[in-house]
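Here is target_20.pdb, consisting of PDB, C-alpha atoms and all ligand atoms:
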```pdb
MODEL        1
ATOM      1  CA  MET I   1    -102.212 -22.325 130.381
ATOM      2  CA  GLN I   2    -101.255 -25.222 128.229
ATOM      3  CA  ILE I   3    -101.297 -25.925 124.518
ATOM      4  CA  SER I   4    -101.893 -29.607 123.822
ATOM      5  CA  LYS I   5     -99.051 -31.572 122.313
ATOM      6  CA  GLY I   6    -101.467 -32.302 119.474
ATOM      7  CA  VAL I   7    -100.496 -28.872 118.141
ATOM      8  CA  GLU I   8     -96.797 -29.789 117.934
ATOM      9  CA  TRP I   9     -97.766 -33.032 116.204
ATOM     10  CA  ALA I  10    -100.151 -31.342 113.798
ATOM     11  CA  VAL I  11     -97.651 -28.706 112.684
ATOM     12  CA  HIS I  12     -94.935 -31.271 112.121
ATOM     13  CA  CYS I  13     -97.338 -33.551 110.251
ATOM     14  CA  CYS I  14     -98.275 -30.679 107.943
ATOM     15  CA  THR I  15     -94.601 -30.123 107.079
ATOM     16  CA  VAL I  16     -94.372 -33.769 105.987
ATOM     17  CA  ILE I  17     -97.742 -33.892 104.234
ATOM     18  CA  ALA I  18     -96.565 -30.836 102.270
ATOM     19  CA  LEU I  19     -94.042 -33.121 100.551
ATOM     20  CA  VAL I  20     -96.662 -35.513  99.175
ATOM     21  CA  GLY I  21     -96.715 -35.573  95.369
ATOM     22  CA  GLU I  22     -99.582 -34.662  93.077
ATOM     23  CA  GLY I  23    -102.555 -36.998  93.291
ATOM     24  CA  ARG I  24    -101.210 -38.874  96.302
ATOM     25  CA  GLY I  25    -102.081 -38.930  99.974
ATOM     26  CA  LEU I  26    -100.203 -39.852 103.170
ATOM     27  CA  ASN I  27    -102.175 -41.821 105.695
ATOM     28  CA  ALA I  28    -102.354 -41.497 109.465
ATOM     29  CA  GLU I  29    -100.560 -44.791 109.992
ATOM     30  CA  ALA I  30     -97.531 -43.636 107.997
ATOM     31  CA  LEU I  31     -97.419 -40.354 109.920
ATOM     32  CA  SER I  32     -97.657 -42.154 113.229
ATOM     33  CA  GLU I  33     -94.691 -44.281 112.121
ATOM     34  CA  PHE I  34     -92.757 -41.234 110.901
ATOM     35  CA  PHE I  35     -93.072 -39.456 114.243
ATOM     36  CA  GLU I  36     -93.314 -42.519 116.511
ATOM     37  CA  VAL I  37     -96.499 -41.233 118.100
ATOM     38  CA  PRO I  38     -99.678 -43.154 119.025
ATOM     39  CA  GLY I  39    -101.946 -43.622 116.022
ATOM     40  CA  PRO I  40    -105.374 -42.978 117.574
ATOM     41  CA  TYR I  41    -104.455 -39.619 119.121
ATOM     42  CA  LEU I  42    -102.661 -38.556 115.950
ATOM     43  CA  ALA I  43    -105.692 -39.575 113.872
ATOM     44  CA  LYS I  44    -107.805 -37.205 115.982
ATOM     45  CA  GLN I  45    -105.496 -34.287 115.194
ATOM     46  CA  LEU I  46    -105.500 -35.093 111.482
ATOM     47  CA  GLN I  47    -109.291 -35.230 111.474
ATOM     48  CA  ALA I  48    -109.375 -31.832 113.174
ATOM     49  CA  LEU I  49    -107.071 -30.390 110.492
ATOM     50  CA  SER I  50    -109.303 -31.915 107.870
ATOM     51  CA  ARG I  51    -112.500 -30.491 109.399
ATOM     52  CA  ALA I  52    -110.850 -27.068 109.487
ATOM     53  CA  GLY I  53    -110.162 -27.286 105.759
ATOM     54  CA  LEU I  54    -106.372 -27.501 106.059
ATOM     55  CA  LEU I  55    -106.126 -31.096 104.880
ATOM     56  CA  GLU I  56    -108.148 -33.016 102.358
ATOM     57  CA  SER I  57    -108.342 -36.778 102.350
ATOM     58  CA  MET I  58    -107.972 -38.937  99.280
ATOM     59  CA  ARG I  59    -109.934 -42.150  99.369
ATOM     60  CA  GLY I  60    -108.874 -45.525  98.100
ATOM     61  CA  LYS I  61    -106.149 -48.053  98.701
ATOM     62  CA  HIS I  62    -103.394 -45.485  98.374
ATOM     63  CA  GLY I  63    -105.424 -42.719  99.912
ATOM     64  CA  GLY I  64    -104.451 -40.460 102.727
ATOM     65  CA  TYR I  65    -104.036 -36.801 103.545
ATOM     66  CA  ARG I  66    -102.880 -33.958 101.333
ATOM     67  CA  LEU I  67    -102.712 -30.248 102.107
ATOM     68  CA  ALA I  68    -105.926 -28.581 101.014
ATOM     69  CA  ARG I  69    -104.117 -25.252 100.464
ATOM     70  CA  SER I  70    -100.635 -24.135  99.559
ATOM     71  CA  VAL I  71     -97.998 -23.912 102.298
ATOM     72  CA  ASP I  72     -98.152 -20.114 101.952
ATOM     73  CA  ALA I  73    -101.830 -20.125 102.789
ATOM     74  CA  ILE I  74    -101.589 -22.140 106.009
ATOM     75  CA  SER I  75    -100.442 -20.308 109.131
ATOM     76  CA  LEU I  76     -99.505 -21.629 112.532
ATOM     77  CA  LEU I  77    -102.630 -19.897 113.796
ATOM     78  CA  ASP I  78    -104.781 -21.918 111.376
ATOM     79  CA  ILE I  79    -103.290 -25.111 112.787
ATOM     80  CA  VAL I  80    -103.644 -24.125 116.457
ATOM     81  CA  LEU I  81    -107.257 -23.087 116.029
ATOM     82  CA  ALA I  82    -108.027 -26.295 114.132
ATOM     83  CA  VAL I  83    -106.602 -28.455 116.920
ATOM     84  CA  GLU I  84    -107.512 -26.408 120.002
ATOM     85  CA  GLY I  85    -110.784 -24.957 118.802
ATOM     86  CA  PRO I  86    -111.507 -21.353 117.896
ATOM     87  CA  GLY I  87    -112.524 -20.126 121.366
ATOM     88  CA  PRO I  88    -110.441 -17.631 123.341
ATOM     89  CA  ALA I  89    -108.002 -18.870 125.990
ATOM     90  CA  PHE I  90    -109.398 -16.453 128.553
ATOM     91  CA  ARG I  91    -113.099 -16.867 129.154
ATOM     92  CA  CYS I  92    -114.848 -14.278 131.265
ATOM     93  CA  THR I  93    -117.552 -15.702 133.518
ATOM     94  CA  GLU I  94    -118.804 -12.182 134.398
ATOM     95  CA  ILE I  95    -117.702 -12.606 137.987
ATOM     96  CA  ARG I  96    -118.114  -8.807 138.307
ATOM     97  CA  GLN I  97    -121.901  -9.289 138.363
ATOM     98  CA  ASN I  98    -121.810 -11.611 141.379
ATOM     99  CA  GLY I  99    -122.285 -11.007 145.072
ATOM    100  CA  PRO I 100    -123.395  -8.176 147.341
ATOM    101  CA  CYS I 101    -121.634  -5.471 145.299
ATOM    102  CA  GLY I 102    -122.156  -7.028 141.866
ATOM    103  CA  VAL I 103    -122.343  -4.696 138.888
ATOM    104  CA  PRO I 104    -125.939  -4.713 137.543
ATOM    105  CA  ARG I 105    -126.214  -6.707 134.348
ATOM    106  CA  LYS I 106    -127.451  -3.736 132.333
ATOM    107  CA  GLU I 107    -124.248  -1.858 133.184
ATOM    108  CA  CYS I 108    -122.172  -4.702 131.748
ATOM    109  CA  ARG I 109    -122.621  -4.063 128.067
ATOM    110  CA  ARG I 110    -118.916  -3.385 127.586
ATOM    111  CA  PRO I 111    -116.496  -6.191 128.364
ATOM    112  CA  CYS I 112    -114.879  -6.056 131.774
ATOM    113  CA  GLU I 113    -111.471  -4.276 131.762
ATOM    114  CA  VAL I 114    -109.795  -7.526 132.810
ATOM    115  CA  ALA I 115    -111.387  -9.504 129.994
ATOM    116  CA  ALA I 116    -110.497  -6.744 127.523
ATOM    117  CA  ALA I 117    -106.858  -6.784 128.616
ATOM    118  CA  PHE I 118    -106.677 -10.557 128.130
ATOM    119  CA  ALA I 119    -108.353 -10.245 124.740
ATOM    120  CA  ASP I 120    -105.699  -7.697 123.699
ATOM    121  CA  ALA I 121    -102.908 -10.015 124.788
ATOM    122  CA  GLU I 122    -104.471 -12.919 122.954
ATOM    123  CA  ALA I 123    -104.823 -10.822 119.809
ATOM    124  CA  ALA I 124    -101.062 -10.166 119.950
ATOM    125  CA  TRP I 125    -100.448 -13.920 120.305
ATOM    126  CA  ARG I 126    -102.725 -14.723 117.399
ATOM    127  CA  ASP I 127    -101.150 -12.040 115.207
ATOM    128  CA  ALA I 128     -97.707 -13.507 115.767
ATOM    129  CA  LEU I 129     -98.903 -16.992 114.804
ATOM    130  CA  ARG I 130    -100.907 -15.679 111.857
ATOM    131  CA  ARG I 131     -97.714 -14.162 110.464
ATOM    132  CA  ARG I 132     -95.930 -17.530 110.464
ATOM    133  CA  SER I 133     -96.823 -19.603 107.420
ATOM    134  CA  LEU I 134     -96.089 -23.270 107.029
ATOM    135  CA  ALA I 135     -93.898 -22.178 104.104
ATOM    136  CA  SER I 136     -91.706 -20.016 106.329
ATOM    137  CA  ILE I 137     -91.363 -22.777 108.915
ATOM    138  CA  MET I 138     -90.331 -25.269 106.238
ATOM    139  CA  GLN I 139     -87.846 -22.816 104.751
ATOM    140  CA  GLU I 140     -86.194 -22.259 108.114
ATOM    141  CA  ALA I 141     -86.150 -25.968 108.851
ATOM    142  CA  SER I 142     -84.514 -26.715 105.483
ATOM    143  CA  ALA I 143     -81.937 -24.001 106.023
ATOM    144  CA  GLY I 144     -80.967 -25.608 109.321
ATOM    145  CA  SER I 145     -80.860 -29.115 107.892
ATOM    146  CA  THR I 146     -78.571 -31.002 105.498
ATOM    147  CA  PRO I 147     -79.436 -31.822 101.864
ATOM    148  CA  GLY I 148     -78.985 -35.498 102.718
ATOM    149  CA  HIS I 149     -81.549 -35.377 105.485
ATOM    150  CA  LEU I 150     -84.087 -33.583 103.325
ATOM    151  CA  LEU I 151     -83.669 -36.156 100.563
ATOM    152  CA  GLU I 152     -84.161 -38.902 103.118
ATOM    153  CA  ILE I 153     -87.512 -37.424 104.147
ATOM    154  CA  VAL I 154     -88.653 -36.823 100.568
ATOM    155  CA  GLU I 155     -87.710 -40.401  99.688
ATOM    156  CA  TRP I 156     -89.583 -41.788 102.709
ATOM    157  CA  VAL I 157     -92.702 -39.854 101.731
ATOM    158  CA  ARG I 158     -92.387 -41.009  98.113
ATOM    159  CA  GLN I 159     -92.199 -44.638  99.172
ATOM    160  CA  LYS I 160     -95.183 -44.353 101.489
ATOM    161  CA  THR I 161     -97.327 -42.663  98.874
ATOM    162  CA  ASP I 162     -96.234 -44.502  95.740
ATOM    163  CA  PRO I 163     -99.098 -46.655  94.462
ATOM    164  CA  VAL I 164     -96.533 -49.154  93.132
ATOM    165  CA  ALA I 165     -94.695 -49.529  96.427
TER     166      ALA I 165
ATOM    167  CA  MET G 166    -105.768 -23.528 124.865
ATOM    168  CA  GLN G 167    -107.572 -22.519 127.977
ATOM    169  CA  ILE G 168    -106.803 -20.211 130.878
ATOM    170  CA  SER G 169    -108.385 -21.431 134.083
ATOM    171  CA  LYS G 170    -111.184 -19.351 135.550
ATOM    172  CA  GLY G 171    -108.977 -19.130 138.631
ATOM    173  CA  VAL G 172    -107.164 -16.329 136.782
ATOM    174  CA  GLU G 173    -110.341 -14.263 136.409
ATOM    175  CA  TRP G 174    -111.078 -14.823 140.082
ATOM    176  CA  ALA G 175    -107.545 -13.998 141.174
ATOM    177  CA  VAL G 176    -107.400 -10.709 139.254
ATOM    178  CA  HIS G 177    -110.769  -9.588 140.572
ATOM    179  CA  CYS G 178    -109.820 -10.591 144.113
ATOM    180  CA  CYS G 179    -106.676  -8.493 143.876
ATOM    181  CA  THR G 180    -108.731  -5.435 142.888
ATOM    182  CA  VAL G 181    -110.779  -5.868 146.077
ATOM    183  CA  ILE G 182    -107.847  -6.739 148.328
ATOM    184  CA  ALA G 183    -106.219  -3.522 147.076
ATOM    185  CA  LEU G 184    -108.898  -1.598 148.995
ATOM    186  CA  VAL G 185    -108.035  -3.113 152.383
ATOM    187  CA  GLY G 186    -106.843  -0.499 154.860
ATOM    188  CA  GLU G 187    -103.475  -0.304 156.605
ATOM    189  CA  GLY G 188    -102.788  -3.146 159.035
ATOM    190  CA  ARG G 189    -105.872  -5.100 157.989
ATOM    191  CA  GLY G 190    -106.438  -8.257 155.954
ATOM    192  CA  LEU G 191    -109.367  -9.671 153.979
ATOM    193  CA  ASN G 192    -109.930 -13.382 154.358
ATOM    194  CA  ALA G 193    -110.788 -16.017 151.775
ATOM    195  CA  GLU G 194    -114.259 -16.478 153.208
ATOM    196  CA  ALA G 195    -115.133 -12.806 152.716
ATOM    197  CA  LEU G 196    -113.812 -12.886 149.142
ATOM    198  CA  SER G 197    -115.783 -16.008 148.364
ATOM    199  CA  GLU G 198    -118.881 -14.201 149.637
ATOM    200  CA  PHE G 199    -118.047 -11.049 147.670
ATOM    201  CA  PHE G 200    -117.783 -12.930 144.385
ATOM    202  CA  GLU G 201    -120.198 -15.783 145.174
ATOM    203  CA  VAL G 202    -117.594 -18.386 144.244
ATOM    204  CA  PRO G 203    -116.753 -21.686 145.995
ATOM    205  CA  GLY G 204    -114.442 -21.144 148.960
ATOM    206  CA  PRO G 205    -112.045 -24.079 148.586
ATOM    207  CA  TYR G 206    -111.158 -23.376 144.937
ATOM    208  CA  LEU G 207    -110.803 -19.662 145.662
ATOM    209  CA  ALA G 208    -108.583 -20.437 148.654
ATOM    210  CA  LYS G 209    -106.260 -22.332 146.306
ATOM    211  CA  GLN G 210    -105.900 -19.312 144.030
ATOM    212  CA  LEU G 211    -105.223 -17.002 146.965
ATOM    213  CA  GLN G 212    -102.557 -19.366 148.265
ATOM    214  CA  ALA G 213    -100.946 -19.366 144.819
ATOM    215  CA  LEU G 214    -100.905 -15.550 144.798
ATOM    216  CA  SER G 215     -99.403 -15.627 148.239
ATOM    217  CA  ARG G 216     -96.682 -18.123 147.262
ATOM    218  CA  ALA G 217     -95.814 -15.932 144.291
ATOM    219  CA  GLY G 218     -95.265 -12.970 146.604
ATOM    220  CA  LEU G 219     -98.252 -10.941 145.379
ATOM    221  CA  LEU G 220    -100.266 -11.279 148.590
ATOM    222  CA  GLU G 221     -99.175 -11.460 152.173
ATOM    223  CA  SER G 222    -101.306 -12.934 154.876
ATOM    224  CA  MET G 223    -101.928 -11.350 158.231
ATOM    225  CA  ARG G 224    -102.478 -13.775 161.065
ATOM    226  CA  GLY G 225    -104.912 -13.476 163.900
ATOM    227  CA  LYS G 226    -108.628 -13.156 164.473
ATOM    228  CA  HIS G 227    -108.963 -10.307 162.001
ATOM    229  CA  GLY G 228    -106.291 -11.605 159.696
ATOM    230  CA  GLY G 229    -106.494 -12.193 155.998
ATOM    231  CA  TYR G 230    -104.829 -11.155 152.793
ATOM    232  CA  ARG G 231    -103.234  -7.867 151.827
ATOM    233  CA  LEU G 232    -101.339  -6.945 148.701
ATOM    234  CA  ALA G 233     -97.639  -7.529 149.228
ATOM    235  CA  ARG G 234     -96.766  -4.815 146.678
ATOM    236  CA  SER G 235     -98.323  -1.646 145.374
ATOM    237  CA  VAL G 236    -100.966  -1.876 142.650
ATOM    238  CA  ASP G 237     -98.432  -0.336 140.259
ATOM    239  CA  ALA G 238     -96.023  -3.161 140.859
ATOM    240  CA  ILE G 239     -98.447  -6.016 140.142
ATOM    241  CA  SER G 240     -99.142  -6.848 136.499
ATOM    242  CA  LEU G 241    -101.711  -9.142 134.972
ATOM    243  CA  LEU G 242     -98.769 -11.310 133.915
ATOM    244  CA  ASP G 243     -97.674 -11.654 137.558
ATOM    245  CA  ILE G 244    -101.149 -12.907 138.434
ATOM    246  CA  VAL G 245    -101.445 -15.345 135.500
ATOM    247  CA  LEU G 246     -98.047 -16.863 136.181
ATOM    248  CA  ALA G 247     -98.847 -17.176 139.887
ATOM    249  CA  VAL G 248    -102.086 -19.051 139.180
ATOM    250  CA  GLU G 249    -101.152 -21.014 136.062
ATOM    251  CA  GLY G 250     -97.505 -21.645 136.835
ATOM    252  CA  PRO G 251     -94.492 -20.128 135.119
ATOM    253  CA  GLY G 252     -94.095 -22.728 132.339
ATOM    254  CA  PRO G 253     -94.701 -21.920 128.669
ATOM    255  CA  ALA G 254     -98.065 -22.747 127.088
ATOM    256  CA  PHE G 255     -96.365 -24.510 124.183
ATOM    257  CA  ARG G 256     -94.126 -27.345 125.276
ATOM    258  CA  CYS G 257     -91.930 -28.933 122.646
ATOM    259  CA  THR G 258     -91.526 -32.703 123.065
ATOM    260  CA  GLU G 259     -88.747 -32.790 120.431
ATOM    261  CA  ILE G 260     -90.922 -34.792 118.071
ATOM    262  CA  ARG G 261     -88.409 -33.894 115.324
ATOM    263  CA  GLN G 262     -85.970 -36.409 116.829
ATOM    264  CA  ASN G 263     -88.391 -39.314 116.498
ATOM    265  CA  GLY G 264     -88.848 -41.956 113.854
ATOM    266  CA  PRO G 265     -87.003 -43.215 110.773
ATOM    267  CA  CYS G 266     -85.999 -39.705 109.632
ATOM    268  CA  GLY G 267     -85.494 -38.195 113.087
ATOM    269  CA  VAL G 268     -83.010 -35.360 113.404
ATOM    270  CA  PRO G 269     -79.999 -36.601 115.400
ATOM    271  CA  ARG G 270     -79.993 -35.256 118.939
ATOM    272  CA  LYS G 271     -76.642 -33.523 118.537
ATOM    273  CA  GLU G 272     -78.097 -31.473 115.672
ATOM    274  CA  CYS G 273     -80.904 -30.244 117.923
ATOM    275  CA  ARG G 274     -79.028 -27.678 119.967
ATOM    276  CA  ARG G 275     -81.148 -24.830 118.625
ATOM    277  CA  PRO G 276     -84.882 -24.935 119.344
ATOM    278  CA  CYS G 277     -87.039 -26.286 116.551
ATOM    279  CA  GLU G 278     -88.435 -23.564 114.247
ATOM    280  CA  VAL G 279     -91.954 -24.470 115.329
ATOM    281  CA  ALA G 280     -91.128 -24.185 119.030
ATOM    282  CA  ALA G 281     -89.312 -20.898 118.374
ATOM    283  CA  ALA G 282     -92.336 -19.462 116.568
ATOM    284  CA  PHE G 283     -94.602 -20.391 119.468
ATOM    285  CA  ALA G 284     -92.134 -18.928 121.948
ATOM    286  CA  ASP G 285     -92.177 -15.637 119.985
ATOM    287  CA  ALA G 286     -95.975 -15.552 120.037
ATOM    288  CA  GLU G 287     -96.036 -16.278 123.742
ATOM    289  CA  ALA G 288     -93.519 -13.512 124.386
ATOM    290  CA  ALA G 289     -95.897 -11.081 122.658
ATOM    291  CA  TRP G 290     -98.749 -12.332 124.858
ATOM    292  CA  ARG G 291     -96.674 -11.981 128.008
ATOM    293  CA  ASP G 292     -95.489  -8.501 127.038
ATOM    294  CA  ALA G 293     -99.067  -7.332 126.635
ATOM    295  CA  LEU G 294    -100.011  -8.672 130.069
ATOM    296  CA  ARG G 295     -96.830  -7.328 131.652
ATOM    297  CA  ARG G 296     -97.791  -3.845 130.492
ATOM    298  CA  ARG G 297    -101.151  -3.991 132.301
ATOM    299  CA  SER G 298    -100.803  -3.174 135.977
ATOM    300  CA  LEU G 299    -103.452  -3.787 138.578
ATOM    301  CA  ALA G 300    -103.452   0.004 138.997
ATOM    302  CA  SER G 301    -104.427   0.574 135.354
ATOM    303  CA  ILE G 302    -107.172  -2.045 135.531
ATOM    304  CA  MET G 303    -108.596  -0.449 138.696
ATOM    305  CA  GLN G 304    -108.450   3.010 137.135
ATOM    306  CA  GLU G 305    -110.366   1.869 134.072
ATOM    307  CA  ALA G 306    -112.895   0.014 136.187
ATOM    308  CA  SER G 307    -113.475   3.109 138.353
ATOM    309  CA  ALA G 308    -113.862   5.301 135.300
ATOM    310  CA  GLY G 309    -116.582   2.988 134.009
ATOM    311  CA  SER G 310    -118.353   2.771 137.360
ATOM    312  CA  THR G 311    -120.413   5.157 139.491
ATOM    313  CA  PRO G 312    -119.136   6.884 142.647
ATOM    314  CA  GLY G 313    -121.980   5.219 144.543
ATOM    315  CA  HIS G 314    -120.922   1.750 143.516
ATOM    316  CA  LEU G 315    -117.291   2.374 144.420
ATOM    317  CA  LEU G 316    -118.294   3.614 147.870
ATOM    318  CA  GLU G 317    -120.428   0.525 148.312
ATOM    319  CA  ILE G 318    -117.410  -1.715 147.673
ATOM    320  CA  VAL G 319    -115.079   0.321 149.888
ATOM    321  CA  GLU G 320    -117.668   0.206 152.677
ATOM    322  CA  TRP G 321    -118.119  -3.552 152.301
ATOM    323  CA  VAL G 322    -114.358  -4.076 152.545
ATOM    324  CA  ARG G 323    -114.153  -1.775 155.567
ATOM    325  CA  GLN G 324    -116.844  -3.745 157.377
ATOM    326  CA  LYS G 325    -115.221  -7.081 156.629
ATOM    327  CA  THR G 326    -111.803  -5.941 157.793
ATOM    328  CA  ASP G 327    -112.713  -3.744 160.746
ATOM    329  CA  PRO G 328    -111.572  -5.381 163.991
ATOM    330  CA  VAL G 329    -114.517  -3.762 165.762
ATOM    331  CA  ALA G 330    -117.133  -5.045 163.324
TER     332      ALA G 330
HETATM  333  S1  LIG I 401    -115.942 -10.052 134.943
HETATM  334 FE1  LIG I 401    -114.879 -11.519 133.765
HETATM  335  S2  LIG I 401    -112.906 -10.726 133.627
HETATM  336 FE2  LIG I 401    -113.962  -9.266 134.786
HETATM  337  S1  LIG I 402     -89.711 -30.626 117.684
HETATM  338 FE1  LIG I 402     -91.019 -29.695 119.127
HETATM  339  S2  LIG I 402     -91.927 -28.104 118.084
HETATM  340 FE2  LIG I 402     -90.617 -29.004 116.615
ENDMDL
END
```
Spell out the structure here as structure tokens.
Ligand code: FES
Ligand code: FES
Amino acid sequence: MQISKGVEWAVHCCTVIALVGEGRGLNAEALSEFFEVPGPYLAKQLQALSRAGLLESMRGKHGGYRLARSVDAISLLDIVLAVEGPGPAFRCTEIRQNGPCGVPRKECRRPCEVAAAFADAEAAWRDALRRRSLASIMQEASAGSTPGHLLEIVEWVRQKTDPVA
Amino acid sequence: MQISKGVEWAVHCCTVIALVGEGRGLNAEALSEFFEVPGPYLAKQLQALSRAGLLESMRGKHGGYRLARSVDAISLLDIVLAVEGPGPAFRCTEIRQNGPCGVPRKECRRPCEVAAAFADAEAAWRDALRRRSLASIMQEASAGSTPGHLLEIVEWVRQKTDPVA
């Protein structure tokens, strides 16, 4: 099982986009520079976040992405599902119905015990990620950082989003 | 995020291998027939289970796989990790260290908040799967089945593993 690195990128991008001032937007190019990651793959993740309603894009010369909701209203689960798709990690192919001793289809109305156990585990995983808001991640990150470093990031974002710059 | 269908196959194979009698083994070919799945890919999963110490293989004309431990001592987590590998689903590439505002490496001794949150979620997922033994899955499956169907499976396994057959 593997979560694509697009998820790491997307979460970190959201923490930076959260710093964009009113009426501004941060574009994909700036974010790819900020994190030194390839632009085209990053652009795909940002589009996925946008399609999922987590980002909104501002058009125009100084356009770019903004958060479409407050940092309290975006969870890590929202971001993972936007990037990885909403489907479950475990997909049952109904292997129990196959072969010489297969369970007849009409007796398979309830999910297989194995599939149900994986669904339970995945629900626990999702719950844990649903409980973690972007706000809480940013708070923890600030607490572990220095005021100087935070100012540096805020200043970088300001420069990249300032229409006068 | 996606769990390979090899996990579904592997768990179901273990529930059948659990029925093999003392001193016998069930081979990959029989299992591929039982579940109507392609032999080579199934063989790979069985080898992975074997490498992880969940199955042992009996040599010889009537050889094949047996469980290496009791059904109580094999969890769904054991099977997933055997098939998918032991690594975490979320892998942090330390993207926080990149770019013009990167966090200096020496300040990155603690895991990033994002990586820590994903590790917590994955621990919850693993705990849920660790709590589900092969025994409990087989009990539930039996409870939802008919005595006739269970006998059919036991008989099929007996025929495939009987040296006289
Ligand atoms: S039939 Fe799909 S998990 Fe059992
Ligand atoms: S640096 Fe990897 S998750 Fe934050």
Which residues of chain I come within 7 Å of ligand LIG 401 (chain I), and what is each one's closest atom pair and distance in Å (one decimal), counting only C-alpha atoms and all ligand atoms, sorted by chain and residue number, as a tab-separated table?
```
residue	atom	partner	partner_atom	distance
I:Cys92	CA	I:LIG401	FE1	3.7
I:Thr93	CA	I:LIG401	FE1	5.0
I:Glu94	CA	I:LIG401	S1	3.6
I:Ile95	CA	I:LIG401	S1	4.3
I:Arg96	CA	I:LIG401	S1	4.2
I:Gln97	CA	I:LIG401	S1	6.9
I:Cys112	CA	I:LIG401	FE2	4.5
I:Glu113	CA	I:LIG401	FE2	6.3
I:Val114	CA	I:LIG401	S2	4.5
I:Ala115	CA	I:LIG401	S2	4.1
```
Point to revise | Nearby residues (only C-alpha atoms) at most 12 Å from Trp321 in chain G, same-chain spacing under 4 positions excluded, as a ChimeraX atom specification | key: /I:99-102 /G:181-182,184-186,191,195-196,198-199,314-317,325-327,330
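Distances here use only C-alpha atoms and all ligand atoms; by that measure, the residue among I:Val7, I:Leu42, I:Cys14, I:Leu49 closest to ligand LIG 402 (chain I) is I:Val7.
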When the PyMOL selection byres ((chain G) within 6 of (chain I and not hetatm)) is applied to the structure above, which residues does it catch, written out as a PDB file with C-alpha atoms, in the coordinates of the input?
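result_1.pdb was written with the following content:
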```pdb
ATOM      1  CA  MET G 166    -105.768 -23.528 124.865  1.00  0.00           C
ATOM      2  CA  GLN G 167    -107.572 -22.519 127.977  1.00  0.00           C
ATOM      3  CA  ILE G 168    -106.803 -20.211 130.878  1.00  0.00           C
ATOM      4  CA  PHE G 199    -118.047 -11.049 147.670  1.00  0.00           C
ATOM      5  CA  PHE G 200    -117.783 -12.930 144.385  1.00  0.00           C
ATOM      6  CA  GLU G 201    -120.198 -15.783 145.174  1.00  0.00           C
ATOM      7  CA  GLU G 249    -101.152 -21.014 136.062  1.00  0.00           C
ATOM      8  CA  ALA G 254     -98.065 -22.747 127.088  1.00  0.00           C
ATOM      9  CA  PHE G 255     -96.365 -24.510 124.183  1.00  0.00           C
ATOM     10  CA  ASN G 263     -88.391 -39.314 116.498  1.00  0.00           C
ATOM     11  CA  GLY G 264     -88.848 -41.956 113.854  1.00  0.00           C
ATOM     12  CA  ALA G 286     -95.975 -15.552 120.037  1.00  0.00           C
ATOM     13  CA  ALA G 289     -95.897 -11.081 122.658  1.00  0.00           C
ATOM     14  CA  TRP G 290     -98.749 -12.332 124.858  1.00  0.00           C
ATOM     15  CA  ALA G 293     -99.067  -7.332 126.635  1.00  0.00           C
TER      16      ALA G 293
END
```
Point to revise | Given the PyMOL selection byres (((chain G and resi 237) around 10) and not hetatm), the residues it picks as a ChimeraX atom specification | key: /G:234-236,238-240,297-301
Practice item. One decimal, Å: what's the distance from CA of Gly190 in chain G over to CA of Arg231 in chain G, could you say? Key: 5.2 Å
Exercise for review: Could you please determine the separation between CA of Leu211 in chain G and CA of Gly228 in chain G in Å, to one decimal place?
Suggested key: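 Interatomic distance here is 13.9 Å.
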Practice item. Would you work out the distance separating CA of Gln45 in chain I from CA of Ala143 in chain I, expressed in Å to one decimal? Key: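 Separation of CA of Gln45 in chain I and CA of Ala143 in chain I: 27.3 Å.
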**Study point:** Counting all atoms listed in the file, the residue of G:Tyr230, G:Arg274, G:Ala183, G:Ala175 that sits nearest ligand LIG 402 (chain I)
**Key:** G:Arg274
How big is the axis-aligned box, and where does its centre sit, when it encloses all atoms of ligand LIG 402 (chain I) listed in the file and has 8 Å added on every side, reported in Å to one decimal as JSON?
```
{"center_x": -90.8, "center_y": -29.4, "center_z": 117.9, "size_x": 18.2, "size_y": 18.5, "size_z": 18.5}
```
Practice item. For each of G:Tyr206, G:Arg270, G:Asn192, G:Asp243, take the minimum atom-to-atom distance to Glu221 in chain G, counting all atoms listed in the file, then give the residue where this is smallest. Key: G:Asn192
Check your understanding: Between G:Pro276, G:Val322, G:Gly229, G:Thr311, which is the closest to ligand LIG 402 (chain I) once you count all atoms listed in the file?
Key ->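 Smallest separation from ligand LIG 402 (chain I) among the options: G:Pro276.
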